[in-house]
Each structure stands twice: as C-alpha cells, then as structure tokens.
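Listing of model-v4.txt, compact mmCIF, C-alpha atoms (C1' of nucleotides)
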# COMPACT_ATOMS: atom_id res chain seq x y z
CA MET A 1 153.72 78.68 169.98
CA ALA A 2 154.46 75.05 169.13
CA PRO A 3 155.36 72.38 171.70
CA VAL A 4 158.99 72.55 172.77
CA ARG A 5 161.24 69.80 174.14
CA ILE A 6 164.04 71.09 176.37
CA ALA A 7 166.88 68.87 177.58
CA THR A 8 169.84 69.46 179.87
CA TRP A 9 172.87 67.16 180.07
CA ASN A 10 176.22 67.30 181.81
CA VAL A 11 178.17 65.36 179.18
CA ASN A 12 181.52 65.17 181.05
CA SER A 13 183.63 66.07 177.98
CA ILE A 14 181.77 66.55 174.71
CA LYS A 15 184.79 65.19 172.87
CA GLN A 16 184.60 61.87 174.71
CA ARG A 17 180.81 61.84 174.52
CA MET A 18 180.42 62.27 170.76
CA PRO A 19 179.58 58.60 170.10
CA ARG A 20 176.76 58.89 172.62
CA PHE A 21 175.71 62.50 172.05
CA LEU A 22 174.80 62.50 168.36
CA PRO A 23 172.68 59.31 168.46
CA TRP A 24 170.97 60.65 171.58
CA LEU A 25 170.27 63.96 169.84
CA ASP A 26 168.73 62.19 166.84
CA GLU A 27 166.72 59.79 168.99
CA ARG A 28 165.28 62.25 171.49
CA GLY A 29 164.99 65.21 169.13
CA PRO A 30 165.11 67.98 171.71
CA ASP A 31 164.39 71.47 170.38
CA VAL A 32 166.65 73.11 172.95
CA VAL A 33 169.68 71.38 174.51
CA CYS A 34 171.60 72.75 177.48
CA LEU A 35 175.04 71.19 177.83
CA GLN A 36 177.56 71.34 180.67
CA GLU A 37 181.16 70.23 181.18
CA LEU A 38 182.14 70.54 177.55
CA LYS A 39 185.81 70.59 178.56
CA LEU A 40 186.51 72.35 175.26
CA ASP A 41 187.03 75.95 174.19
CA ASP A 42 184.74 77.67 171.67
CA LEU A 43 187.00 76.89 168.73
CA GLY A 44 187.29 73.24 169.67
CA PHE A 45 183.52 72.98 170.04
CA ALA A 46 182.93 74.54 166.62
CA GLY A 47 185.43 72.21 165.01
CA LEU A 48 184.00 69.14 166.69
CA LEU A 49 180.27 69.82 166.40
CA GLY A 50 179.66 72.84 164.19
CA ALA A 51 178.79 70.95 161.00
CA GLU A 52 176.92 68.16 162.82
CA ILE A 53 174.55 70.49 164.63
CA ASP A 54 174.15 72.82 161.65
CA GLN A 55 172.99 69.98 159.41
CA ARG A 56 170.42 69.06 162.07
CA GLY A 57 169.09 72.62 162.14
CA TYR A 58 170.50 73.74 165.50
CA GLN A 59 172.13 77.07 166.27
CA PRO A 60 174.77 77.08 169.02
CA ALA A 61 175.49 79.46 171.89
CA VAL A 62 178.78 78.31 173.35
CA HIS A 63 180.75 79.48 176.37
CA GLY A 64 183.65 77.08 176.27
CA GLU A 65 186.87 76.69 178.20
CA ALA A 66 189.86 74.46 177.59
CA GLN A 67 190.22 71.53 179.98
CA TRP A 68 187.42 72.30 182.44
CA ASN A 69 183.88 73.62 182.60
CA GLY A 70 182.25 74.87 179.39
CA VAL A 71 178.52 75.25 178.73
CA ALA A 72 176.34 75.59 175.65
CA ILE A 73 172.80 75.93 174.37
CA LEU A 74 171.77 74.37 171.07
CA SER A 75 168.41 75.46 169.68
CA ARG A 76 166.39 74.74 166.56
CA VAL A 77 163.57 77.09 167.65
CA GLY A 78 165.55 80.34 167.58
CA LEU A 79 168.48 81.64 169.59
CA GLU A 80 168.51 85.34 170.49
CA ASP A 81 170.22 87.68 172.90
CA VAL A 82 173.01 85.32 173.93
CA THR A 83 174.89 86.22 177.10
CA THR A 84 177.86 84.39 178.59
CA GLY A 85 178.71 84.28 182.26
CA ILE A 86 176.74 85.90 185.07
CA PRO A 87 176.71 89.69 185.62
CA ASP A 88 179.27 90.46 188.36
CA GLY A 89 179.69 86.73 188.84
CA PRO A 90 182.64 85.69 191.02
CA GLY A 91 185.63 83.70 189.76
CA PHE A 92 188.04 81.23 191.31
CA PRO A 93 189.95 83.44 191.13
CA ASP A 94 189.11 84.28 187.52
CA PRO A 95 185.66 83.84 185.98
CA GLU A 96 185.01 80.32 184.67
CA ALA A 97 182.79 79.19 181.76
CA ARG A 98 179.79 78.08 183.79
CA ALA A 99 176.82 80.01 182.42
CA VAL A 100 175.27 80.87 179.08
CA SER A 101 171.77 82.12 178.37
CA ALA A 102 169.65 82.83 175.30
CA THR A 103 166.03 83.34 174.32
CA CYS A 104 164.58 80.35 172.44
CA ALA A 105 160.94 80.32 171.26
CA GLY A 106 160.10 83.11 173.67
CA VAL A 107 161.67 81.45 176.71
CA ARG A 108 164.80 82.73 178.43
CA VAL A 109 166.99 79.62 178.72
CA HIS A 110 169.96 79.31 181.10
CA SER A 111 172.51 76.50 180.85
CA LEU A 112 174.49 76.32 184.10
CA TYR A 113 177.32 74.40 185.64
CA VAL A 114 177.31 75.45 189.29
CA PRO A 115 180.68 75.21 191.07
CA ASN A 116 181.17 71.95 192.96
CA GLY A 117 182.10 73.46 196.32
CA ARG A 118 184.55 70.65 197.12
CA VAL A 119 184.54 70.90 200.92
CA PRO A 120 182.07 72.78 203.17
CA ASP A 121 183.44 76.12 204.40
CA SER A 122 186.33 76.00 201.92
CA ASP A 123 187.13 78.86 199.56
CA HIS A 124 185.54 76.87 196.76
CA TYR A 125 182.39 76.36 198.80
CA ARG A 126 182.12 80.11 199.47
CA TYR A 127 182.66 80.69 195.76
CA LYS A 128 179.77 78.34 195.03
CA LEU A 129 177.43 80.22 197.38
CA ALA A 130 178.49 83.63 196.05
CA TRP A 131 178.02 82.39 192.48
CA LEU A 132 174.49 81.21 193.28
CA GLU A 133 173.59 84.60 194.75
CA LYS A 134 174.66 86.39 191.57
CA LEU A 135 172.77 83.84 189.51
CA ARG A 136 169.64 84.56 191.53
CA ASP A 137 170.09 88.29 190.92
CA GLN A 138 170.39 87.67 187.17
CA VAL A 139 167.29 85.48 187.02
CA ALA A 140 165.33 87.90 189.21
CA ALA A 141 166.10 90.70 186.78
CA GLY A 142 164.93 88.63 183.80
CA PRO A 143 161.54 87.58 182.42
CA ARG A 144 159.11 85.14 184.06
CA GLU A 145 159.23 83.11 180.84
CA VAL A 146 162.42 81.38 181.96
CA VAL A 147 163.98 77.94 182.42
CA VAL A 148 167.07 77.58 184.57
CA CYS A 149 168.69 74.30 183.51
CA GLY A 150 171.81 72.46 184.39
CA ASP A 151 174.07 70.77 186.87
CA MET A 152 173.21 72.68 190.03
CA ASN A 153 175.54 70.55 192.16
CA ILE A 154 172.91 70.65 194.92
CA ALA A 155 170.50 67.87 195.86
CA PRO A 156 167.39 69.84 196.82
CA ALA A 157 166.22 67.43 199.53
CA ASP A 158 167.28 64.27 201.32
CA ALA A 159 165.01 62.31 198.96
CA ASP A 160 167.36 63.39 196.17
CA VAL A 161 170.34 61.38 197.47
CA TYR A 162 170.52 57.60 197.77
CA ASP A 163 171.64 57.68 201.38
CA PRO A 164 171.33 60.96 203.28
CA ALA A 165 173.48 59.58 206.10
CA ALA A 166 176.34 58.99 203.67
CA TYR A 167 176.31 62.66 202.71
CA VAL A 168 176.29 64.30 206.13
CA GLY A 169 179.00 66.95 206.15
CA GLN A 170 179.50 66.72 202.37
CA THR A 171 178.80 69.37 199.80
CA HIS A 172 175.61 69.21 197.70
CA VAL A 173 173.38 68.65 200.73
CA THR A 174 174.41 71.31 203.27
CA GLY A 175 171.95 73.83 204.64
CA PRO A 176 173.56 76.90 203.07
CA GLU A 177 173.60 75.27 199.61
CA ARG A 178 169.96 74.24 199.87
CA GLU A 179 169.05 77.70 201.18
CA ALA A 180 170.83 79.28 198.22
CA LEU A 181 168.83 77.04 195.88
CA GLN A 182 165.64 77.96 197.71
CA ARG A 183 166.40 81.67 197.29
CA LEU A 184 166.73 81.03 193.57
CA LEU A 185 163.41 79.16 193.55
CA ASP A 186 161.84 82.01 195.52
CA VAL A 187 162.35 84.26 192.52
CA GLY A 188 159.38 82.31 191.14
CA LEU A 189 160.73 79.01 189.80
CA HIS A 190 159.43 75.44 189.98
CA ASP A 191 161.49 72.24 190.16
CA VAL A 192 159.42 70.65 187.42
CA VAL A 193 160.69 67.06 187.62
CA ARG A 194 160.05 66.85 191.35
CA ASP A 195 156.71 68.64 191.00
CA HIS A 196 155.56 66.05 188.47
CA TRP A 197 156.89 63.03 190.40
CA PRO A 198 156.66 64.05 194.07
CA ASP A 199 157.25 60.59 195.53
CA GLU A 200 159.53 58.88 192.98
CA ARG A 201 163.13 57.86 193.47
CA ILE A 202 164.80 60.05 190.84
CA PHE A 203 168.52 60.53 190.30
CA SER A 204 170.43 62.22 187.50
CA TYR A 205 174.02 61.46 188.53
CA TRP A 206 175.67 58.20 189.52
CA ASP A 207 179.37 57.82 190.34
CA TYR A 208 181.24 55.73 187.79
CA ARG A 209 182.72 53.61 190.55
CA ALA A 210 181.54 50.54 192.37
CA GLY A 211 178.54 49.84 190.18
CA MET A 212 176.65 52.80 191.59
CA PHE A 213 174.45 53.18 188.52
CA HIS A 214 173.44 49.55 188.36
CA ARG A 215 172.61 49.63 192.07
CA ASP A 216 170.74 52.92 191.46
CA LEU A 217 172.77 54.76 194.09
CA GLY A 218 172.87 58.33 192.86
CA MET A 219 171.85 61.92 193.40
CA ARG A 220 169.41 64.29 191.70
CA ILE A 221 171.49 67.38 191.06
CA ASP A 222 170.64 68.18 187.43
CA LEU A 223 167.54 70.35 187.53
CA VAL A 224 165.10 72.17 185.30
CA LEU A 225 163.65 75.15 187.15
CA ALA A 226 160.82 76.88 185.29
CA GLY A 227 159.09 80.23 185.81
CA ASP A 228 155.31 80.16 186.32
CA PRO A 229 154.26 80.63 182.67
CA VAL A 230 156.64 77.88 181.57
CA ALA A 231 155.87 75.51 184.45
CA GLU A 232 152.19 75.67 183.51
CA ARG A 233 153.06 74.31 180.06
CA VAL A 234 155.02 71.27 181.29
CA LYS A 235 153.51 68.05 179.92
CA ALA A 236 156.32 65.64 180.72
CA ALA A 237 159.46 65.82 182.85
CA TRP A 238 161.84 62.90 183.27
CA VAL A 239 165.41 61.65 183.55
CA ASP A 240 166.67 59.89 180.43
CA ARG A 241 168.27 57.00 182.27
CA GLN A 242 168.84 55.17 178.98
CA ALA A 243 171.69 57.57 178.22
CA ARG A 244 173.55 56.50 181.37
CA LYS A 245 173.57 52.84 180.27
CA GLY A 246 175.88 51.03 177.90
CA THR A 247 179.34 51.94 176.65
CA GLY A 248 181.06 55.23 177.33
CA PRO A 249 178.31 57.15 179.14
CA SER A 250 178.60 60.43 181.02
CA ASP A 251 178.20 60.01 184.76
CA HIS A 252 175.11 62.25 184.42
CA ALA A 253 171.88 61.45 182.59
CA PRO A 254 169.93 64.04 180.59
CA VAL A 255 166.80 65.64 182.04
CA ILE A 256 164.05 66.15 179.45
CA VAL A 257 161.03 68.44 179.75
CA ASP A 258 158.25 68.78 177.20
CA LEU A 259 156.30 72.04 177.04
CA ASP A 260 152.87 72.18 175.50
CA GLU A 261 152.13 75.05 173.14
CA ALA A 262 151.73 78.40 174.85
CA PRO A 263 148.11 79.21 175.83
CA ASP A 264 147.69 81.88 173.18
CA GLY A 265 149.04 79.70 170.40
CA ASP A 266 147.28 77.44 167.93
CA ILE A 267 145.94 74.29 169.54
CA GLY A 268 147.21 71.21 167.77
CA PRO A 269 146.99 67.51 168.62
CA VAL A 270 148.14 66.81 172.16
CA VAL A 271 150.50 63.88 172.61
CA PRO A 272 149.98 62.29 176.03
CA PRO A 273 153.10 62.01 178.19
CA PRO A 274 154.49 58.54 178.89
CA SER A 275 152.71 56.85 181.79
CA ASN A 276 155.88 56.55 183.86
CA PRO A 277 159.05 57.45 182.00
CA LEU A 278 161.12 57.45 185.13
CA THR A 279 164.17 56.03 186.66
CA ARG A 280 162.96 52.85 188.33
CA LYS A 281 164.51 49.75 186.88
CA GLY A 282 162.11 47.92 184.62
CA ALA A 283 159.54 50.69 184.69
CA VAL A 284 160.55 52.19 181.38
CA LYS A 285 159.87 51.19 177.82
CA LEU A 286 162.04 53.48 175.78
CA PRO A 287 162.46 53.70 172.01
CA GLN A 288 165.26 51.66 170.50
CA SER A 289 168.34 53.32 169.08
CA ARG A 290 168.50 53.97 165.40
CA PRO A 291 170.04 51.18 163.34
C1' DA B 1 188.69 50.25 202.16
C1' DT B 2 190.40 57.86 203.14
C1' DG B 3 189.26 52.71 197.12
C1' DA B 4 186.80 51.79 193.15
C1' DC B 5 186.07 55.48 187.48
C1' DG B 6 187.01 58.48 184.09
C1' DG B 7 187.70 63.00 182.43
C1' DG B 8 191.72 66.50 181.89
C1' DT B 9 197.01 67.25 180.98
C1' DG B 10 202.87 68.62 182.63
C1' DC B 11 201.72 61.36 180.95
C1' DA B 12 202.41 61.42 187.26
C1' DA B 13 204.90 60.09 192.88
C1' DC B 14 199.54 64.73 188.68
C1' DC B 15 194.48 67.41 189.36
C1' DC B 16 189.40 67.41 189.39
C1' DG B 17 184.78 65.76 189.93
C1' DA B 18 180.04 64.91 193.32
Kindly present the structure from the file in structure tokens form.
Amino acid sequence: MAPVRIATWNVNSIKQRMPRFLPWLDERGPDVVCLQELKLDDLGFAGLLGAEIDQRGYQPAVHGEAQWNGVAILSRVGLEDVTTGIPDGPGFPDPEARAVSATCAGVRVHSLYVPNGRVPDSDHYRYKLAWLEKLRDQVAAGPREVVVCGDMNIAPADADVYDPAAYVGQTHVTGPEREALQRLLDVGLHDVVRDHWPDERIFSYWDYRAGMFHRDLGMRIDLVLAGDPVAERVKAAWVDRQARKGTGPSDHAPVIVDLDEAPDGDIGPVVPPPSNPLTRKGAVKLPQSRP
DNA sequence: ATGACGGGTGCAACCCGA
C-alpha cells in the first residue's frame, strides 16, 4: 500500500472557495480530501467541480444540500462503498447533509460536519449530542482501518482554544460535548495532530472578525481521528495555515495527515516529515503557489 | 462593545456560523 495524504477542510461554501480550493488541491496534492460546508446540492457540486476533479484523477462522493451543510470525499486512490448520512442519525428536525463515508485505499474514511449546538442545553445542543452518539455507533460497527475527519465543532481540551475563560458556558468546550468526543475516541481512535504535537499551540478555525487570525486567536475543532492501524502509519500531521491567509479564505484551515505505506506493502523511499510544519507564526517554510 | 466578517437567501428591520 503506497503512502497516502489525507486532508480535511471546512471550506465555508465551495462556490465561494473555488479560487482558493483548486490551487490548494494542486499544490498540496492530497490523495483523499474530506470537505465540509459545501453549501451546495449534489447537482450544483457536479456542475461546479465535476470536470475539474475528474481531470485531476479524483472520484467524488458527495452528500450535498442547498444553502447549508454539505459534505464530500474526493479520492484518487479508490472510492468504494459510499454511504451518506449516519444510520438512525437524528435530524433538526429532518436529517441534514453532515456525513459521508467511503473506503479509499483500504481505509474507511468519514467526512463529517458535526452540528454546531448553538447554545448549551438548547434543542440544537441536544441534537448535536444525539448525533455524536449515533456517529460513535456507526464507527464502532466499522473496521479499525478508519479515519474520522472533519469539523467536529468541539475543542477537545482547553489547550485547543485561545482563551478558555472566554469560552466558559459556550458550546464547543462543554463537558457533555467533550465527553461525547471521548466516547467516540474510546471506540479506538487517536487524535493524530495532537498526538504528534502534544505541546504546540494549534488552531484550525479563526473567526473572520477583529483580526483573530492575524492575532492567532482561534480554536482547534477540525480533527483527524485515526484507528490504531492507521494511526501507526502517520508520518506527518499538521494544520495548513497557509490556506487561511490571503484573499478570500475559509474561516477554517485544512488539516493534512500523511500515512506511510501499510506494513505489509512494498517499502519505498521514505520522505521525512517537515521539522515543524505547524501553526506558529514564522515557524513555517511552505512551498510557494504555482505561477 | 450583546460588535466586528462572511456565507446563505425572501436582498432585510433576514438567518446562520463557532
């Protein structure tokens, strides 16, 4: 099994993000891309991106929705057994397009957009918790060769928000949300970015307002959770902060994880991971954009 | 500063996001 690069990105409208998305795709060259917040239905997605991704060798699994939500997986290493939604997943009140899964290069890949929750103890918050329970059931029933990717809308720990005091009483950091995330992890998943950078300041989302990105005041809510056999193959795991810079960015940055070849595969040359490809200002030397 | 930005759409005295 060859090395595989997996990325996940909440693009906050794929239509608006096209000028950033295609150059990013060509520059980073992920083999599998999990997308969230397409804000487009399946037909709109096909019309907008079908030819562009086909000519780059990707197959799409899309679970779109007009106006809100919408998730997808693009893969150039195979795309089998696509499922949309979560079995018996709750709606608000009707099911929303927040989950799609497929098997790519032997790994079960989930692209997820977890409900926001809005206000603790609200109906939407209870929906979020119920949704996470059904997600856990789905992952528990699946293979150990799995990556659960996406906008989890939960900061796993206080270190994952810029100011824990500012978030007291807000969603994304409450006990029940973190416990629901922990129950998902307890199925046998690893938070691979945190595991590789246990003490770094790492965020994946920064509010558009008030210069939050440039002050590096954000949250780490976009996660890649890998089952044991996949976590053992992780050679690099980082937030692509470059994609949050410049003109017309999403308010989320992509998370990128490189898997080495599977243990039983052919052993090829091993490319060392970047020394510190992380989020700290000035710490990153990233490739330039294509001309 | 209970705001700021930037998506969406009924173009607003709108809704939603994290």
Q | Expected answer as a count of residues only: chain A residues within 8 Å of chain B, all atoms listed in the file | A | 13
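Put simply, CA of Ile6 in chain A is 26.2 Å away from CA of Val173 in chain A.
Residues lying within 10 Å of range 89-95 of chain A, counting all atoms listed in the file and ignoring same-chain neighbours fewer than 3 positions away, are Gly85, Ile86, Arg98, Ala99, Pro115, Asp123, His124, Tyr127, Lys128, Leu129, Ala130, Trp131, Leu132, Glu133, Lys134, Leu135, Asp137 and Gln138 of chain A.
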Q: Record the distance separating CA of Val62 in chain A and CA of Leu49 in chain A, expressed in Å with one decimal.
A: 11.1 Å
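When CA of Val109 in chain A is paired with CA of Cys149 in chain A, their separation reads 7.4 Å.
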I'd like the box whose edges run along x, y and z of the file and which contains every listed atom of range 2-9 of chain B, padded by 6 Å per side; could you state its centre and edge lengths in Å, one decimal, as lines of an AutoDock Vina configuration file?
center_x = 191.5
center_y = 59.5
center_z = 192.1
size_x = 22.9
size_y = 27.5
size_z = 34.2
Q: List every protein, DNA or RNA residue that has an atom no more than 9 Å from (170.1, 79.4, 180.7) in the file's coordinate frame, counting all atoms listed in the file, and report them as a PyMOL selection string.
A: chain A and resi 34+72-73+99-103+108-112+146-150
Go ahead and dump the residues you just picked, C-alpha atoms, as a PDB file, in the coordinates of the input.
ATOM      1  CA  CYS A  34     171.600  72.750 177.480  1.00  0.00           C
ATOM      2  CA  ALA A  72     176.340  75.590 175.650  1.00  0.00           C
ATOM      3  CA  ILE A  73     172.800  75.930 174.370  1.00  0.00           C
ATOM      4  CA  ALA A  99     176.820  80.010 182.420  1.00  0.00           C
ATOM      5  CA  VAL A 100     175.270  80.870 179.080  1.00  0.00           C
ATOM      6  CA  SER A 101     171.770  82.120 178.370  1.00  0.00           C
ATOM      7  CA  ALA A 102     169.650  82.830 175.300  1.00  0.00           C
ATOM      8  CA  THR A 103     166.030  83.340 174.320  1.00  0.00           C
ATOM      9  CA  ARG A 108     164.800  82.730 178.430  1.00  0.00           C
ATOM     10  CA  VAL A 109     166.990  79.620 178.720  1.00  0.00           C
ATOM     11  CA  HIS A 110     169.960  79.310 181.100  1.00  0.00           C
ATOM     12  CA  SER A 111     172.510  76.500 180.850  1.00  0.00           C
ATOM     13  CA  LEU A 112     174.490  76.320 184.100  1.00  0.00           C
ATOM     14  CA  VAL A 146     162.420  81.380 181.960  1.00  0.00           C
ATOM     15  CA  VAL A 147     163.980  77.940 182.420  1.00  0.00           C
ATOM     16  CA  VAL A 148     167.070  77.580 184.570  1.00  0.00           C
ATOM     17  CA  CYS A 149     168.690  74.300 183.510  1.00  0.00           C
ATOM     18  CA  GLY A 150     171.810  72.460 184.390  1.00  0.00           C
TER      19      GLY A 150
END
(Q) Excluding range 217-226 of chain A and its own-chain neighbours fewer than 6 positions away, which residues fall within 6 Å of it when counting all atoms listed in the file? Please give them as an NGL selection string. (A) :A and (146-155 or 160-162 or 189-191 or 203-206)
If you keep C-alpha atoms, can you produce a file of those selected residues as a PDB file, keeping the file's coordinate frame?
ATOM      1  CA  VAL A 146     162.420  81.380 181.960  1.00  0.00           C
ATOM      2  CA  VAL A 147     163.980  77.940 182.420  1.00  0.00           C
ATOM      3  CA  VAL A 148     167.070  77.580 184.570  1.00  0.00           C
ATOM      4  CA  CYS A 149     168.690  74.300 183.510  1.00  0.00           C
ATOM      5  CA  GLY A 150     171.810  72.460 184.390  1.00  0.00           C
ATOM      6  CA  ASP A 151     174.070  70.770 186.870  1.00  0.00           C
ATOM      7  CA  MET A 152     173.210  72.680 190.030  1.00  0.00           C
ATOM      8  CA  ASN A 153     175.540  70.550 192.160  1.00  0.00           C
ATOM      9  CA  ILE A 154     172.910  70.650 194.920  1.00  0.00           C
ATOM     10  CA  ALA A 155     170.500  67.870 195.860  1.00  0.00           C
ATOM     11  CA  ASP A 160     167.360  63.390 196.170  1.00  0.00           C
ATOM     12  CA  VAL A 161     170.340  61.380 197.470  1.00  0.00           C
ATOM     13  CA  TYR A 162     170.520  57.600 197.770  1.00  0.00           C
ATOM     14  CA  LEU A 189     160.730  79.010 189.800  1.00  0.00           C
ATOM     15  CA  HIS A 190     159.430  75.440 189.980  1.00  0.00           C
ATOM     16  CA  ASP A 191     161.490  72.240 190.160  1.00  0.00           C
ATOM     17  CA  PHE A 203     168.520  60.530 190.300  1.00  0.00           C
ATOM     18  CA  SER A 204     170.430  62.220 187.500  1.00  0.00           C
ATOM     19  CA  TYR A 205     174.020  61.460 188.530  1.00  0.00           C
ATOM     20  CA  TRP A 206     175.670  58.200 189.520  1.00  0.00           C
TER      21      TRP A 206
END
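The closest residue to Val107 in chain A, picked from A:Pro164, A:His63, A:Val32, A:Gln182 and counting only C-alpha atoms, is A:Val32.
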Q.
Taking 4 positions as the minimum chain separation for residues in the same chain, which residues sit within 6 Å of Glu145 in chain A when counting only C-alpha atoms (C1' of nucleotides)? Answer as a ChimeraX atom specification.
A. /A:107,227,229-230
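Residues lying within 8 Å of Gln170 in chain A, counting all atoms listed in the file and ignoring same-chain neighbours fewer than 3 positions away, are Val119, Pro120, Tyr167, Val173 and Thr174 of chain A.
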Rebuild all heavy atoms on range 36-46 of chain A, as an mmCIF file, in the frame of the given file?
data_model
loop_
_atom_site.group_PDB
_atom_site.id
_atom_site.type_symbol
_atom_site.label_atom_id
_atom_site.label_comp_id
_atom_site.auth_asym_id
_atom_site.auth_seq_id
_atom_site.Cartn_x
_atom_site.Cartn_y
_atom_site.Cartn_z
ATOM 1 N N GLN A 36 176.574 70.906 179.679
ATOM 2 C CA GLN A 36 177.560 71.340 180.670
ATOM 3 C C GLN A 36 178.772 70.412 180.625
ATOM 4 O O GLN A 36 178.670 69.283 180.160
ATOM 5 C CB GLN A 36 176.961 71.318 182.083
ATOM 6 C CG GLN A 36 175.750 72.212 182.253
ATOM 7 C CD GLN A 36 174.449 71.509 181.923
ATOM 8 O OE1 GLN A 36 174.305 70.331 182.190
ATOM 9 N NE2 GLN A 36 173.506 72.230 181.324
ATOM 10 N N GLU A 37 179.866 70.935 181.155
ATOM 11 C CA GLU A 37 181.160 70.230 181.180
ATOM 12 C C GLU A 37 181.595 69.799 179.781
ATOM 13 O O GLU A 37 181.907 68.641 179.534
ATOM 14 C CB GLU A 37 181.131 69.025 182.143
ATOM 15 C CG GLU A 37 181.248 69.454 183.595
ATOM 16 C CD GLU A 37 181.948 68.417 184.451
ATOM 17 O OE1 GLU A 37 183.209 68.426 184.452
ATOM 18 O OE2 GLU A 37 181.275 67.621 185.120
ATOM 19 N N LEU A 38 181.626 70.789 178.893
ATOM 20 C CA LEU A 38 182.140 70.540 177.550
ATOM 21 C C LEU A 38 183.606 70.150 177.583
ATOM 22 O O LEU A 38 184.070 69.351 176.773
ATOM 23 C CB LEU A 38 181.976 71.791 176.685
ATOM 24 C CG LEU A 38 180.562 72.334 176.507
ATOM 25 C CD1 LEU A 38 180.618 73.658 175.741
ATOM 26 C CD2 LEU A 38 179.685 71.333 175.771
ATOM 27 N N LYS A 39 184.357 70.784 178.473
ATOM 28 C CA LYS A 39 185.810 70.590 178.560
ATOM 29 C C LYS A 39 186.500 70.899 177.234
ATOM 30 O O LYS A 39 187.453 70.223 176.840
ATOM 31 C CB LYS A 39 186.155 69.179 179.055
ATOM 32 C CG LYS A 39 185.635 68.904 180.469
ATOM 33 C CD LYS A 39 186.102 67.569 181.006
ATOM 34 C CE LYS A 39 185.626 67.371 182.450
ATOM 35 N NZ LYS A 39 186.041 66.062 182.988
ATOM 36 N N LEU A 40 185.968 71.908 176.548
ATOM 37 C CA LEU A 40 186.510 72.350 175.260
ATOM 38 C C LEU A 40 186.318 73.858 175.144
ATOM 39 O O LEU A 40 185.326 74.388 175.641
ATOM 40 C CB LEU A 40 185.718 71.725 174.111
ATOM 41 C CG LEU A 40 186.222 70.493 173.385
ATOM 42 C CD1 LEU A 40 185.329 70.227 172.182
ATOM 43 C CD2 LEU A 40 187.658 70.655 172.950
ATOM 44 N N ASP A 41 187.236 74.523 174.447
ATOM 45 C CA ASP A 41 187.030 75.950 174.190
ATOM 46 C C ASP A 41 186.098 76.123 172.981
ATOM 47 O O ASP A 41 185.716 75.152 172.323
ATOM 48 C CB ASP A 41 188.362 76.689 174.012
ATOM 49 C CG ASP A 41 189.170 76.165 172.842
ATOM 50 O OD1 ASP A 41 188.617 75.481 171.968
ATOM 51 O OD2 ASP A 41 190.392 76.455 172.810
ATOM 52 N N ASP A 42 185.732 77.390 172.715
ATOM 53 C CA ASP A 42 184.740 77.670 171.670
ATOM 54 C C ASP A 42 185.198 77.125 170.314
ATOM 55 O O ASP A 42 184.401 76.555 169.556
ATOM 56 C CB ASP A 42 184.516 79.183 171.537
ATOM 57 C CG ASP A 42 183.822 79.778 172.748
ATOM 58 O OD1 ASP A 42 183.607 79.044 173.741
ATOM 59 O OD2 ASP A 42 183.500 80.980 172.707
ATOM 60 N N LEU A 43 186.480 77.318 170.030
ATOM 61 C CA LEU A 43 187.000 76.890 168.730
ATOM 62 C C LEU A 43 186.963 75.363 168.600
ATOM 63 O O LEU A 43 186.593 74.817 167.563
ATOM 64 C CB LEU A 43 188.436 77.406 168.566
ATOM 65 C CG LEU A 43 188.961 77.571 167.141
ATOM 66 C CD1 LEU A 43 188.092 78.541 166.353
ATOM 67 C CD2 LEU A 43 190.412 78.051 167.173
ATOM 68 N N GLY A 44 187.335 74.701 169.675
ATOM 69 C CA GLY A 44 187.290 73.240 169.670
ATOM 70 C C GLY A 44 185.879 72.722 169.505
ATOM 71 O O GLY A 44 185.632 71.744 168.788
ATOM 72 N N PHE A 45 184.919 73.386 170.152
ATOM 73 C CA PHE A 45 183.520 72.980 170.040
ATOM 74 C C PHE A 45 183.032 73.141 168.601
ATOM 75 O O PHE A 45 182.394 72.246 168.038
ATOM 76 C CB PHE A 45 182.655 73.802 170.983
ATOM 77 C CG PHE A 45 181.214 73.370 171.021
ATOM 78 C CD1 PHE A 45 180.784 72.415 171.927
ATOM 79 C CD2 PHE A 45 180.280 73.918 170.150
ATOM 80 C CE1 PHE A 45 179.459 72.001 171.965
ATOM 81 C CE2 PHE A 45 178.950 73.513 170.177
ATOM 82 C CZ PHE A 45 178.539 72.555 171.087
ATOM 83 N N ALA A 46 183.373 74.285 167.996
ATOM 84 C CA ALA A 46 182.930 74.540 166.620
ATOM 85 C C ALA A 46 183.518 73.513 165.665
ATOM 86 O O ALA A 46 182.826 73.003 164.774
ATOM 87 C CB ALA A 46 183.327 75.954 166.209
#
